[in-house]
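What follows is the content of structure39.txt (compact mmCIF, C-alpha atoms and all ligand atoms).
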```txt
# COMPACT_ATOMS: atom_id res chain seq x y z
CA MET A 1 104.87 -49.99 -2.10
CA THR A 2 108.22 -48.42 -1.22
CA GLY A 3 110.22 -49.20 -4.33
CA GLY A 4 113.55 -47.44 -4.53
CA GLU A 5 113.17 -46.01 -1.05
CA LEU A 6 116.79 -46.49 -0.12
CA SER A 7 118.77 -44.22 2.08
CA PRO A 8 122.04 -44.62 3.96
CA ALA A 9 120.27 -44.15 7.28
CA ALA A 10 116.72 -45.41 7.03
CA PRO A 11 114.19 -43.33 8.96
CA GLY A 12 112.41 -44.75 11.95
CA GLY A 13 114.96 -47.33 12.93
CA GLY A 14 114.14 -50.88 13.95
CA THR A 15 114.32 -52.84 17.14
CA GLU A 16 117.86 -53.83 16.20
CA ALA A 17 120.81 -51.51 16.52
CA ALA A 18 121.66 -50.75 12.91
CA SER A 19 118.82 -50.35 10.44
CA ALA A 20 120.21 -49.77 6.99
CA PRO A 21 119.73 -51.08 3.48
CA VAL A 22 121.48 -54.36 2.84
CA THR A 23 123.13 -55.75 -0.27
CA VAL A 24 122.42 -59.41 -0.96
CA ARG A 25 122.90 -61.91 -3.77
CA ALA A 26 119.70 -62.81 -5.62
CA LEU A 27 118.55 -64.62 -8.73
CA VAL A 28 117.52 -61.91 -11.19
CA ALA A 29 115.74 -62.00 -14.55
CA ARG A 30 116.55 -58.87 -16.57
CA GLY A 31 113.74 -59.50 -19.06
CA SER A 32 111.34 -62.08 -20.48
CA GLY A 33 113.42 -64.92 -21.85
CA ALA A 34 116.68 -63.33 -20.70
CA GLU A 35 119.39 -65.48 -19.16
CA LEU A 36 119.01 -65.73 -15.36
CA ARG A 37 121.91 -64.44 -13.32
CA VAL A 38 122.85 -64.21 -9.68
CA GLU A 39 123.36 -60.50 -9.00
CA ARG A 40 123.93 -58.24 -6.04
CA VAL A 41 120.81 -56.23 -5.20
CA ARG A 42 120.06 -53.61 -2.55
CA LEU A 43 117.08 -54.08 -0.26
CA PRO A 44 115.74 -51.31 1.98
CA ALA A 45 115.94 -51.54 5.75
CA PRO A 46 112.69 -52.90 7.20
CA GLY A 47 110.24 -50.05 7.71
CA PRO A 48 107.31 -49.96 10.15
CA GLY A 49 105.58 -53.36 10.22
CA GLU A 50 108.31 -54.98 8.13
CA VAL A 51 110.95 -57.61 8.74
CA ARG A 52 114.14 -58.75 7.06
CA VAL A 53 114.38 -62.52 6.74
CA THR A 54 117.61 -64.40 6.05
CA ILE A 55 116.63 -67.13 3.61
CA THR A 56 117.79 -70.66 4.37
CA ALA A 57 115.99 -72.53 1.56
CA ALA A 58 113.86 -71.55 -1.42
CA GLY A 59 112.07 -73.81 -3.92
CA VAL A 60 112.01 -73.23 -7.66
CA CYS A 61 108.31 -73.18 -8.53
CA HIS A 62 106.67 -73.34 -11.94
CA SER A 63 105.17 -69.87 -11.42
CA ASP A 64 108.72 -68.47 -11.32
CA LEU A 65 109.33 -70.08 -14.69
CA SER A 66 106.05 -68.57 -15.94
CA MET A 67 107.35 -65.14 -14.90
CA VAL A 68 110.46 -65.46 -17.04
CA ASN A 69 109.04 -67.29 -20.06
CA GLY A 70 106.25 -64.79 -20.68
CA THR A 71 103.27 -66.93 -19.55
CA LEU A 72 102.60 -64.43 -16.75
CA ALA A 73 103.05 -60.69 -17.21
CA ALA A 74 106.03 -59.48 -15.19
CA ARG A 75 108.14 -56.36 -14.74
CA PHE A 76 111.93 -56.46 -14.83
CA PRO A 77 114.57 -56.60 -13.48
CA LEU A 78 112.87 -59.17 -11.32
CA VAL A 79 114.09 -61.19 -8.34
CA LEU A 80 112.57 -64.66 -8.67
CA GLY A 81 111.30 -66.95 -5.93
CA HIS A 82 108.23 -67.05 -3.68
CA GLU A 83 108.46 -70.39 -1.82
CA ALA A 84 110.94 -70.15 1.04
CA THR A 85 111.86 -70.52 4.66
CA GLY A 86 114.31 -68.50 6.71
CA VAL A 87 114.98 -66.74 9.98
CA VAL A 88 113.90 -63.25 11.01
CA ALA A 89 117.11 -61.19 11.06
CA GLU A 90 115.85 -57.66 11.68
CA THR A 91 112.53 -56.05 12.56
CA GLY A 92 111.13 -52.60 11.83
CA PRO A 93 109.08 -50.56 14.30
CA GLY A 94 105.84 -52.03 15.58
CA VAL A 95 106.67 -55.65 14.73
CA GLN A 96 105.65 -58.51 17.04
CA VAL A 97 107.72 -61.39 15.65
CA ALA A 98 111.14 -61.68 17.30
CA VAL A 99 114.54 -61.72 15.67
CA GLY A 100 115.69 -65.35 15.41
CA THR A 101 112.22 -66.77 14.73
CA PRO A 102 112.16 -69.41 11.96
CA VAL A 103 109.46 -68.58 9.41
CA VAL A 104 107.87 -69.65 6.15
CA LEU A 105 107.11 -66.87 3.64
CA ASN A 106 103.50 -66.25 2.57
CA TRP A 107 103.08 -64.83 -0.95
CA ALA A 108 99.45 -63.88 -0.38
CA PRO A 109 99.31 -62.26 3.07
CA ALA A 110 95.69 -61.44 3.90
CA CYS A 111 94.60 -57.95 5.01
CA ARG A 112 92.01 -59.39 7.45
CA ALA A 113 89.75 -56.40 6.76
CA CYS A 114 88.31 -56.74 3.25
CA TRP A 115 84.98 -58.38 2.37
CA TRP A 116 86.61 -61.74 1.50
CA CYS A 117 88.82 -61.83 4.58
CA ARG A 118 85.87 -61.03 6.83
CA ARG A 119 83.84 -63.90 5.37
CA GLY A 120 86.71 -66.35 5.94
CA GLU A 121 88.17 -66.52 2.42
CA PRO A 122 91.58 -64.89 2.95
CA TRP A 123 93.00 -66.59 -0.17
CA LEU A 124 90.77 -64.25 -2.18
CA CYS A 125 91.83 -61.14 -0.23
CA ALA A 126 91.22 -57.93 -2.19
CA ALA A 127 94.64 -56.67 -1.14
CA THR A 128 96.46 -59.71 -2.52
CA THR A 129 99.98 -59.03 -3.75
CA ALA A 130 100.50 -58.18 -7.41
CA PRO A 131 102.57 -60.66 -9.47
CA THR A 132 105.52 -58.29 -9.23
CA VAL A 133 106.10 -55.57 -6.63
CA ALA A 134 108.61 -52.70 -6.98
CA ARG A 135 111.17 -52.79 -4.15
CA GLY A 136 114.86 -52.10 -3.78
CA GLU A 137 117.30 -51.69 -6.66
CA THR A 138 119.99 -53.50 -8.56
CA ASP A 139 123.65 -52.91 -7.80
CA ASP A 140 123.80 -50.55 -10.81
CA GLY A 141 120.86 -48.50 -9.50
CA VAL A 142 117.94 -49.81 -11.56
CA PRO A 143 114.60 -50.08 -9.67
CA LEU A 144 114.00 -53.71 -8.83
CA HIS A 145 110.84 -55.85 -8.77
CA LEU A 146 110.10 -58.82 -6.53
CA THR A 147 108.12 -61.91 -7.51
CA LEU A 148 104.82 -61.89 -5.56
CA GLY A 149 106.27 -59.24 -3.26
CA LEU A 150 108.92 -61.67 -1.98
CA GLY A 151 111.79 -62.31 -4.40
CA ALA A 152 112.79 -65.25 -2.25
CA LEU A 153 115.56 -66.76 -4.38
CA ALA A 154 117.93 -64.45 -2.55
CA GLU A 155 120.08 -64.35 0.56
CA ALA A 156 117.42 -62.19 2.26
CA VAL A 157 114.04 -60.54 1.74
CA VAL A 158 112.42 -57.49 3.33
CA VAL A 159 108.68 -58.07 3.62
CA PRO A 160 105.64 -57.07 5.68
CA GLU A 161 105.35 -58.96 8.95
CA ARG A 162 102.05 -60.34 7.58
CA ALA A 163 104.09 -62.23 4.98
CA VAL A 164 105.95 -64.37 7.51
CA ILE A 165 104.53 -67.35 9.37
CA PRO A 166 106.45 -68.67 12.41
CA ILE A 167 107.30 -72.39 12.35
CA PRO A 168 109.06 -74.67 14.85
CA ALA A 169 112.86 -74.64 14.81
CA GLY A 170 114.74 -77.65 13.51
CA LEU A 171 112.64 -78.59 10.46
CA PRO A 172 114.63 -79.63 7.38
CA PRO A 173 114.77 -76.29 5.49
CA GLU A 174 114.48 -77.84 2.03
CA GLN A 175 111.14 -79.39 3.10
CA ALA A 176 109.89 -76.46 5.19
CA ALA A 177 110.35 -74.12 2.20
CA LEU A 178 107.77 -76.12 0.23
CA LEU A 179 105.10 -75.40 2.84
CA GLY A 180 104.90 -71.86 1.45
CA CYS A 181 103.65 -72.80 -2.01
CA ALA A 182 103.62 -76.34 -3.43
CA VAL A 183 102.51 -78.15 -0.30
CA LEU A 184 100.02 -75.58 0.98
CA THR A 185 98.54 -75.40 -2.53
CA GLY A 186 98.46 -79.16 -3.09
CA VAL A 187 97.20 -80.14 0.33
CA GLY A 188 94.67 -77.30 0.36
CA ALA A 189 93.32 -78.25 -3.06
CA VAL A 190 92.55 -81.73 -1.73
CA ARG A 191 91.38 -80.87 1.79
CA ASN A 192 89.77 -77.45 1.38
CA THR A 193 88.71 -77.04 -2.24
CA ALA A 194 87.78 -80.55 -3.44
CA ARG A 195 87.25 -82.03 0.04
CA VAL A 196 88.25 -85.51 -1.03
CA THR A 197 86.75 -88.16 1.25
CA PRO A 198 87.85 -91.75 1.99
CA GLY A 199 87.13 -94.22 -0.79
CA GLU A 200 86.93 -91.63 -3.56
CA SER A 201 88.84 -91.78 -6.83
CA VAL A 202 91.24 -89.08 -7.94
CA ALA A 203 93.22 -88.22 -11.07
CA VAL A 204 96.07 -85.74 -10.95
CA VAL A 205 97.17 -84.24 -14.26
CA GLY A 206 100.67 -82.76 -14.25
CA LEU A 207 103.27 -84.03 -11.81
CA GLY A 208 105.44 -81.10 -10.84
CA GLY A 209 105.89 -80.14 -7.19
CA VAL A 210 102.23 -79.20 -6.76
CA GLY A 211 100.88 -82.28 -8.58
CA LEU A 212 103.01 -84.57 -6.42
CA ALA A 213 101.79 -82.74 -3.30
CA VAL A 214 98.20 -83.30 -4.48
CA LEU A 215 98.91 -87.02 -4.93
CA SER A 216 100.27 -87.44 -1.43
CA ALA A 217 97.44 -85.36 0.07
CA ALA A 218 94.87 -87.49 -1.79
CA ARG A 219 96.49 -90.60 -0.34
CA ARG A 220 96.35 -89.11 3.15
CA ALA A 221 92.71 -88.10 2.61
CA GLY A 222 91.87 -91.79 2.06
CA ALA A 223 91.31 -91.79 -1.70
CA THR A 224 91.61 -95.38 -2.87
CA THR A 225 92.11 -94.93 -6.61
CA ILE A 226 94.78 -92.29 -7.23
CA LEU A 227 95.74 -91.97 -10.87
CA ALA A 228 98.81 -89.90 -11.69
CA VAL A 229 98.94 -88.48 -15.22
CA ASP A 230 101.89 -86.87 -16.97
CA VAL A 231 103.42 -86.59 -20.44
CA ALA A 232 106.75 -87.86 -19.09
CA GLU A 233 107.15 -91.57 -18.37
CA ALA A 234 110.10 -90.51 -16.16
CA LYS A 235 107.56 -89.28 -13.58
CA ARG A 236 106.21 -92.80 -12.96
CA ASP A 237 108.43 -93.77 -10.03
CA LEU A 238 108.08 -90.35 -8.38
CA ALA A 239 104.30 -90.54 -8.71
CA LEU A 240 104.09 -93.99 -7.14
CA ALA A 241 106.43 -92.91 -4.34
CA ALA A 242 104.26 -89.84 -3.69
CA GLY A 243 101.12 -91.95 -3.24
CA ALA A 244 99.65 -92.74 -6.66
CA THR A 245 98.07 -96.15 -7.11
CA ASP A 246 98.73 -96.03 -10.84
CA PHE A 247 100.63 -93.94 -13.38
CA LEU A 248 99.13 -93.15 -16.78
CA LEU A 249 100.78 -91.44 -19.72
CA SER A 250 98.88 -88.46 -21.06
CA ASP A 251 98.09 -89.63 -24.57
CA ASP A 252 94.99 -90.30 -26.67
CA ARG A 253 94.22 -93.49 -24.72
CA LEU A 254 94.09 -91.66 -21.40
CA SER A 255 90.29 -91.40 -21.06
CA LYS A 256 89.90 -95.10 -21.81
CA GLU A 257 92.63 -96.05 -19.33
CA VAL A 258 91.01 -93.97 -16.58
CA ARG A 259 87.57 -95.48 -17.26
CA ALA A 260 89.07 -98.96 -17.15
CA ARG A 261 90.12 -98.21 -13.57
CA THR A 262 86.89 -96.54 -12.42
CA GLU A 263 84.15 -99.01 -13.43
CA SER A 264 83.71 -97.03 -16.68
CA ARG A 265 82.57 -93.87 -14.84
CA GLY A 266 85.61 -91.61 -14.61
CA VAL A 267 87.10 -90.26 -11.40
CA ASP A 268 85.26 -88.41 -8.64
CA HIS A 269 87.92 -85.68 -8.64
CA ALA A 270 90.37 -84.54 -11.27
CA PHE A 271 93.11 -82.05 -10.33
CA GLU A 272 94.66 -80.03 -13.12
CA CYS A 273 98.16 -78.99 -12.03
CA VAL A 274 99.55 -77.61 -15.28
CA GLY A 275 97.58 -74.47 -16.08
CA ARG A 276 96.76 -75.07 -19.75
CA ALA A 277 93.49 -75.23 -21.63
CA ALA A 278 94.39 -78.62 -23.10
CA THR A 279 95.01 -80.21 -19.71
CA ILE A 280 91.91 -78.59 -18.20
CA ARG A 281 89.88 -80.21 -20.99
CA ALA A 282 91.68 -83.51 -20.36
CA ALA A 283 90.87 -83.31 -16.63
CA TRP A 284 87.25 -82.54 -17.51
CA ARG A 285 87.01 -85.66 -19.69
CA LEU A 286 88.52 -87.91 -16.99
CA THR A 287 85.86 -86.94 -14.46
CA ARG A 288 82.63 -88.87 -13.89
CA ARG A 289 79.16 -87.37 -14.30
CA GLY A 290 78.60 -85.24 -11.21
CA GLY A 291 82.32 -85.19 -10.40
CA ALA A 292 84.56 -82.21 -9.83
CA VAL A 293 87.49 -80.70 -11.69
CA THR A 294 89.80 -78.57 -9.58
CA VAL A 295 92.18 -76.32 -11.51
CA VAL A 296 95.34 -75.80 -9.48
CA GLY A 297 97.69 -74.74 -12.28
CA MET A 298 97.99 -71.05 -13.10
CA GLY A 299 97.68 -70.53 -16.84
CA ALA A 300 97.94 -67.71 -19.35
CA LYS A 301 95.06 -65.26 -19.76
CA ASP A 302 94.72 -65.86 -23.51
CA ASP A 303 94.64 -69.68 -23.30
CA MET A 304 90.92 -70.27 -23.77
CA VAL A 305 89.16 -73.41 -22.53
CA SER A 306 86.28 -74.57 -24.70
CA LEU A 307 83.58 -76.93 -23.44
CA GLY A 308 80.35 -77.97 -25.10
CA ALA A 309 77.19 -76.36 -23.71
CA LEU A 310 75.36 -79.69 -23.80
CA ASP A 311 78.36 -81.41 -22.20
CA ILE A 312 78.37 -78.89 -19.33
CA PHE A 313 74.68 -79.52 -18.70
CA HIS A 314 74.64 -83.27 -19.20
CA SER A 315 77.85 -84.11 -17.33
CA ALA A 316 76.75 -82.16 -14.23
CA ARG A 317 80.43 -81.68 -13.45
CA THR A 318 81.79 -78.88 -11.33
CA LEU A 319 84.75 -76.86 -12.63
CA ARG A 320 86.47 -74.64 -10.10
CA SER A 321 89.89 -73.35 -9.23
CA SER A 322 91.92 -73.63 -6.06
CA VAL A 323 93.76 -70.39 -5.30
CA TYR A 324 96.60 -71.01 -2.80
CA GLY A 325 94.79 -74.19 -1.76
CA SER A 326 91.69 -72.22 -0.61
CA SER A 327 93.73 -71.98 2.56
CA ASP A 328 94.45 -69.59 5.38
CA PRO A 329 98.25 -69.82 5.41
CA ASP A 330 98.50 -68.29 8.91
CA ARG A 331 96.50 -71.22 10.27
CA GLU A 332 97.45 -74.04 7.93
CA VAL A 333 101.21 -73.58 7.49
CA PRO A 334 101.75 -74.06 11.26
CA MET A 335 99.52 -77.17 11.12
CA LEU A 336 101.54 -78.60 8.23
CA ALA A 337 104.80 -77.63 9.96
CA ALA A 338 103.65 -79.54 13.06
CA GLU A 339 102.85 -82.57 10.87
CA LEU A 340 106.32 -82.27 9.33
CA ALA A 341 107.90 -82.04 12.79
CA ASP A 342 106.16 -85.16 14.12
CA GLY A 343 106.75 -87.18 10.96
CA ALA A 344 103.09 -87.40 9.85
CA LEU A 345 104.08 -85.44 6.76
CA ASP A 346 107.20 -86.46 4.83
CA LEU A 347 108.07 -84.20 1.94
CA GLY A 348 111.31 -85.97 1.07
CA VAL A 349 109.86 -87.38 -2.14
CA LEU A 350 109.04 -83.85 -3.36
CA VAL A 351 112.62 -82.66 -3.08
CA SER A 352 114.62 -83.72 -6.14
CA GLY A 353 117.76 -82.14 -4.79
CA THR A 354 119.29 -79.13 -3.11
CA ILE A 355 121.55 -76.73 -4.99
CA PRO A 356 123.45 -73.54 -4.20
CA LEU A 357 122.08 -70.19 -5.42
CA ASP A 358 124.65 -70.06 -8.23
CA GLU A 359 123.12 -73.21 -9.74
CA ALA A 360 119.53 -71.95 -9.57
CA PRO A 361 119.44 -71.17 -13.33
CA THR A 362 120.02 -74.86 -14.06
CA ALA A 363 116.98 -75.69 -11.91
CA PHE A 364 114.88 -73.50 -14.22
CA ASP A 365 116.22 -75.44 -17.22
CA ARG A 366 115.28 -78.73 -15.52
CA LEU A 367 111.84 -77.38 -14.65
CA ALA A 368 111.28 -76.29 -18.25
CA ARG A 369 112.19 -79.83 -19.37
CA GLY A 370 109.82 -81.32 -16.78
CA GLU A 371 112.60 -83.09 -14.90
CA GLY A 372 112.20 -84.14 -11.29
CA ALA A 373 109.91 -82.71 -8.63
CA ARG A 374 111.16 -79.69 -6.69
CA TRP A 375 114.68 -78.31 -6.86
CA VAL A 376 115.45 -76.35 -3.73
CA VAL A 377 118.13 -73.70 -3.40
CA THR A 378 119.76 -73.83 0.01
CA LEU A 379 121.58 -70.87 1.51
CA SER A 380 123.54 -70.73 4.72
ZN ZN A 401 104.68 -71.41 -6.35
ZN ZN A 402 91.59 -59.07 2.74
```
Just dump the structure as structure tokens.
Amino acid sequence: MTGGELSPAAPGGGTEAASAPVTVRALVARGSGAELRVERVRLPAPGPGEVRVTITAAGVCHSDLSMVNGTLAARFPLVLGHEATGVVAETGPGVQVAVGTPVVLNWAPACRACWWCRRGEPWLCAATTAPTVARGETDDGVPLHLTLGLGALAEAVVVPERAVIPIPAGLPPEQAALLGCAVLTGVGAVRNTARVTPGESVAVVGLGGVGLAVLSAARRAGATTILAVDVAEAKRDLALAAGATDFLLSDDRLSKEVRARTESRGVDHAFECVGRAATIRAAWRLTRRGGAVTVVGMGAKDDMVSLGALDIFHSARTLRSSVYGSSDPDREVPMLAAELADGALDLGVLVSGTIPLDEAPTAFDRLARGEGARWVVTLS
């Protein structure tokens, strides 16, 4: 887009008095596997159709970890973060949203013009953001990249207006931030992709932020058997608090344990929230004949899933993915924000704790160890 386009006096000017590049603190990865550091970075002034958002809270999502550990291809130096809430601080020319508006960031803003957008599938938009987008520069003048065009683990972001979604004021920021990724993805996977109906049985494999959001959405959708599966026994209490009816360890007895709870059939819906071939196969085996496996986790491109040809035919199962919860964020984030505001949605169980930006690297260590649900960085 406009990477490195910094100038002391940005052309065009915004609706606010001074439109100039800003220097902010951000969580930066200098390379795959490199130590994460909070650095000062320079962001351009918002150009036409762009806004600067002051971040108030940003979640640490597994996809950020995948960017730094090599699972997903990324360019560096890279500002991490793509799940955040904040307040519009400055607007470029031609922008509708007002300064002061609280917003949630959208990492897949739809173009509304391509073939997929026109047929009502904006989550598959042909113009979807690349995993990393060149924008701004480091304090020592190196061109910078932003995770999913946002780079939200920072004091501010400069993004297209399409990438912000207004929400009501006064929501707890550490919960509102999660609407932008984990919750939209988890709720959408249940409501939009799998379309879980009352009385159905569900298994959720992998209990990070998204998996826990799937559990609670399955409970709210009226599923009556909700089996939470993880390799870590430590996730048991979290899973039950999030809405699971049972917690099962992911080991070689898993299939048997699931069948013991589903009249020997397997579940109607299995949700894979890890993004690995092994867990996709596990989810497949937990599902009944004619059931559906929904892959929510984003895996590596060389991690191949192998299924038997006869098994595919005989099991009559459906295997599909849920990209960004098969959702239209512009419509569904405000709905979820309204549910959060009136108490119908409580995301407290998903938030393991809030930490300052300087401690964000420790949240990545905890994520890598599979500890807790979501760690959220809060900024003033
Ligand atoms: Zn995410
Ligand atoms: Zn589109």
Expressed in Å, the length from CA of Gly209 (chain A) to CA of Ala177 (chain A) is 12.0 Å
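Counting from CA of Trp116 (chain A), the distance to CA of Asp328 (chain A) is 11.8 Å.
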Please identify all protein, DNA and RNA residues within 7 Å of ligand ZN 401 (chain A), counting all atoms listed in the file, and report them as JSON, numbers by chain. {"A": [61, 62, 63, 82, 83, 181, 182]}
Quick one, how far is CA of Gly59 (chain A) from CA of Phe364 (chain A)?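 Answer for the CA of Gly59 (chain A) to CA of Phe364 (chain A) separation: 10.7 Å.
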Close residues to ligand ZN 402 (chain A) using only C-alpha atoms and all ligand atoms, limit 8 Å, as a ChimeraX atom specification: /A:110-118,122,124-128
For C-alpha atoms, I'd like the residues from the last selection saved as a PDB file, in the coordinates of the input.
```
ATOM      1  CA  ALA A 110      95.690 -61.440   3.900  1.00  0.00           C
ATOM      2  CA  CYS A 111      94.600 -57.950   5.010  1.00  0.00           C
ATOM      3  CA  ARG A 112      92.010 -59.390   7.450  1.00  0.00           C
ATOM      4  CA  ALA A 113      89.750 -56.400   6.760  1.00  0.00           C
ATOM      5  CA  CYS A 114      88.310 -56.740   3.250  1.00  0.00           C
ATOM      6  CA  TRP A 115      84.980 -58.380   2.370  1.00  0.00           C
ATOM      7  CA  TRP A 116      86.610 -61.740   1.500  1.00  0.00           C
ATOM      8  CA  CYS A 117      88.820 -61.830   4.580  1.00  0.00           C
ATOM      9  CA  ARG A 118      85.870 -61.030   6.830  1.00  0.00           C
ATOM     10  CA  PRO A 122      91.580 -64.890   2.950  1.00  0.00           C
ATOM     11  CA  LEU A 124      90.770 -64.250  -2.180  1.00  0.00           C
ATOM     12  CA  CYS A 125      91.830 -61.140  -0.230  1.00  0.00           C
ATOM     13  CA  ALA A 126      91.220 -57.930  -2.190  1.00  0.00           C
ATOM     14  CA  ALA A 127      94.640 -56.670  -1.140  1.00  0.00           C
ATOM     15  CA  THR A 128      96.460 -59.710  -2.520  1.00  0.00           C
TER      16      THR A 128
END
```
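Taking all atoms listed in the file into account, Ala194 (chain A) lies nearest to A:Asp268 out of the set A:Asp246, A:Asp365, A:Asp268, A:Glu359.
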Tell me, as a PyMOL selection string, which residues lie within 9 Å of Leu379 (chain A), counting all atoms listed in the file; anything in the same chain fewer than 5 positions away does not count. chain A and resi 54-58+154-155+355-357
Please return as a ChimeraX atom specification every residue within 12 Å of (80.1, -87.4, -10.6), taking into account only C-alpha atoms and the file's own coordinates. /A:200-202,262,264-270,284-293,314-319
Step by step: start from the point (106.7, -63.6, 12.8) in the file's coordinates, keep every protein, DNA or RNA residue that has an atom no farther than 7 Å from it, count only C-alpha atoms, and write the set as number ranges by chain. A: 96-98, 101, 103, 161, 164-166
Pick from A:Ser327, A:Leu347, A:Ala163, A:Ala282, whichever lies nearest to Ala242 (chain A) using only C-alpha atoms: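 The closest residue to Ala242 (chain A) is A:Leu347.
Here the question is which of A:Ala73, A:Pro109, A:Val28, A:Pro48 gets nearest to Arg331 (chain A) using all atoms listed in the file, and that residue is A:Pro109.
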With all atoms listed in the file as the atoms that count, which of A:Pro172, A:Pro143, A:Gly47, A:Gly31 lies nearest to Gly86 (chain A)?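 Going through A:Pro172, A:Pro143, A:Gly47, A:Gly31 one by one, the smallest distance to Gly86 (chain A) is for A:Pro172.
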Nearest residue to Thr91 (chain A) out of A:Gly141, A:Met298, A:Pro77, A:Pro160, using all atoms listed in the file?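 So, comparing all the options, the nearest one is A:Pro160.
Minimum atom-to-atom distance to Val210 (chain A), evaluated using all atoms listed in the file, belongs to A:Glu272 out of A:Phe76, A:Ala277, A:Pro102, A:Glu272.
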Which residues come within 12 Å of Leu248 (chain A), counting all atoms listed in the file, excluding same-chain residues fewer than 5 positions away, as a PyMOL selection string? chain A and resi 203-207+226-237+239-240+253-261+286
Skip Arg75 (chain A) itself and residues of its chain fewer than 2 positions away, then list as a list in words all residues within 9 Å of it, counting only C-alpha atoms.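 Surrounding residues, per the criterion: Arg30, Gly31, Ser32, Met67, Ala73, Pro77, Leu78, Pro131, Thr132, Val133, Ala134, Leu144, His145 and Leu146 of chain A.
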Selected residues written out with C-alpha atoms, as a JSON list (two decimals), keeping the file's coordinate frame:
```json
[["chain", "number", "residue", "atom", "x", "y", "z"],
["A", 30, "ARG", "CA", 116.55, -58.87, -16.57],
["A", 31, "GLY", "CA", 113.74, -59.50, -19.06],
["A", 32, "SER", "CA", 111.34, -62.08, -20.48],
["A", 67, "MET", "CA", 107.35, -65.14, -14.90],
["A", 73, "ALA", "CA", 103.05, -60.69, -17.21],
["A", 77, "PRO", "CA", 114.57, -56.60, -13.48],
["A", 78, "LEU", "CA", 112.87, -59.17, -11.32],
["A", 131, "PRO", "CA", 102.57, -60.66, -9.47],
["A", 132, "THR", "CA", 105.52, -58.29, -9.23],
["A", 133, "VAL", "CA", 106.10, -55.57, -6.63],
["A", 134, "ALA", "CA", 108.61, -52.70, -6.98],
["A", 144, "LEU", "CA", 114.00, -53.71, -8.83],
["A", 145, "HIS", "CA", 110.84, -55.85, -8.77],
["A", 146, "LEU", "CA", 110.10, -58.82, -6.53]]
```
Any idea what's packed within 9 Å of region 332-343 of chain A, counting all atoms listed in the file, ignoring anything in its chain fewer than 2 positions away? Could you give it as a list of chain:residue names? A:Val104, A:Ile165, A:Pro166, A:Ile167, A:Pro168, A:Gly170, A:Leu171, A:Pro172, A:Gln175, A:Ala176, A:Leu179, A:Gly180, A:Val183, A:Leu184, A:Gly188, A:Ser327, A:Asp328, A:Pro329, A:Asp330, A:Leu345, A:Asp346, A:Leu347
Just C-alpha atoms for this one: save the residues we selected as an mmCIF file, in the frame of the given file.
```cif
data_model
loop_
_atom_site.group_PDB
_atom_site.id
_atom_site.type_symbol
_atom_site.label_atom_id
_atom_site.label_comp_id
_atom_site.auth_asym_id
_atom_site.auth_seq_id
_atom_site.Cartn_x
_atom_site.Cartn_y
_atom_site.Cartn_z
ATOM 1 C CA VAL A 104 107.870 -69.650 6.150
ATOM 2 C CA ILE A 165 104.530 -67.350 9.370
ATOM 3 C CA PRO A 166 106.450 -68.670 12.410
ATOM 4 C CA ILE A 167 107.300 -72.390 12.350
ATOM 5 C CA PRO A 168 109.060 -74.670 14.850
ATOM 6 C CA GLY A 170 114.740 -77.650 13.510
ATOM 7 C CA LEU A 171 112.640 -78.590 10.460
ATOM 8 C CA PRO A 172 114.630 -79.630 7.380
ATOM 9 C CA GLN A 175 111.140 -79.390 3.100
ATOM 10 C CA ALA A 176 109.890 -76.460 5.190
ATOM 11 C CA LEU A 179 105.100 -75.400 2.840
ATOM 12 C CA GLY A 180 104.900 -71.860 1.450
ATOM 13 C CA VAL A 183 102.510 -78.150 -0.300
ATOM 14 C CA LEU A 184 100.020 -75.580 0.980
ATOM 15 C CA GLY A 188 94.670 -77.300 0.360
ATOM 16 C CA SER A 327 93.730 -71.980 2.560
ATOM 17 C CA ASP A 328 94.450 -69.590 5.380
ATOM 18 C CA PRO A 329 98.250 -69.820 5.410
ATOM 19 C CA ASP A 330 98.500 -68.290 8.910
ATOM 20 C CA LEU A 345 104.080 -85.440 6.760
ATOM 21 C CA ASP A 346 107.200 -86.460 4.830
ATOM 22 C CA LEU A 347 108.070 -84.200 1.940
#
```
Within 12 Å of Lys301 (chain A), counting all atoms listed in the file, which residues show up once you throw out same-chain ones fewer than 2 positions away? Write them as a list in words, please. Gly70, Thr71, Leu72, Ala73, Gly275, Arg276, Ala277, Met298, Gly299, Asp303, Met304 and Val305 of chain A
Output of the above residues as a compact mmCIF listing (two decimals), in the coordinates of the input, restricted to C-alpha atoms:
```
# COMPACT_ATOMS: atom_id res chain seq x y z
CA GLY A 70 106.25 -64.79 -20.68
CA THR A 71 103.27 -66.93 -19.55
CA LEU A 72 102.60 -64.43 -16.75
CA ALA A 73 103.05 -60.69 -17.21
CA GLY A 275 97.58 -74.47 -16.08
CA ARG A 276 96.76 -75.07 -19.75
CA ALA A 277 93.49 -75.23 -21.63
CA MET A 298 97.99 -71.05 -13.10
CA GLY A 299 97.68 -70.53 -16.84
CA ASP A 303 94.64 -69.68 -23.30
CA MET A 304 90.92 -70.27 -23.77
CA VAL A 305 89.16 -73.41 -22.53
```
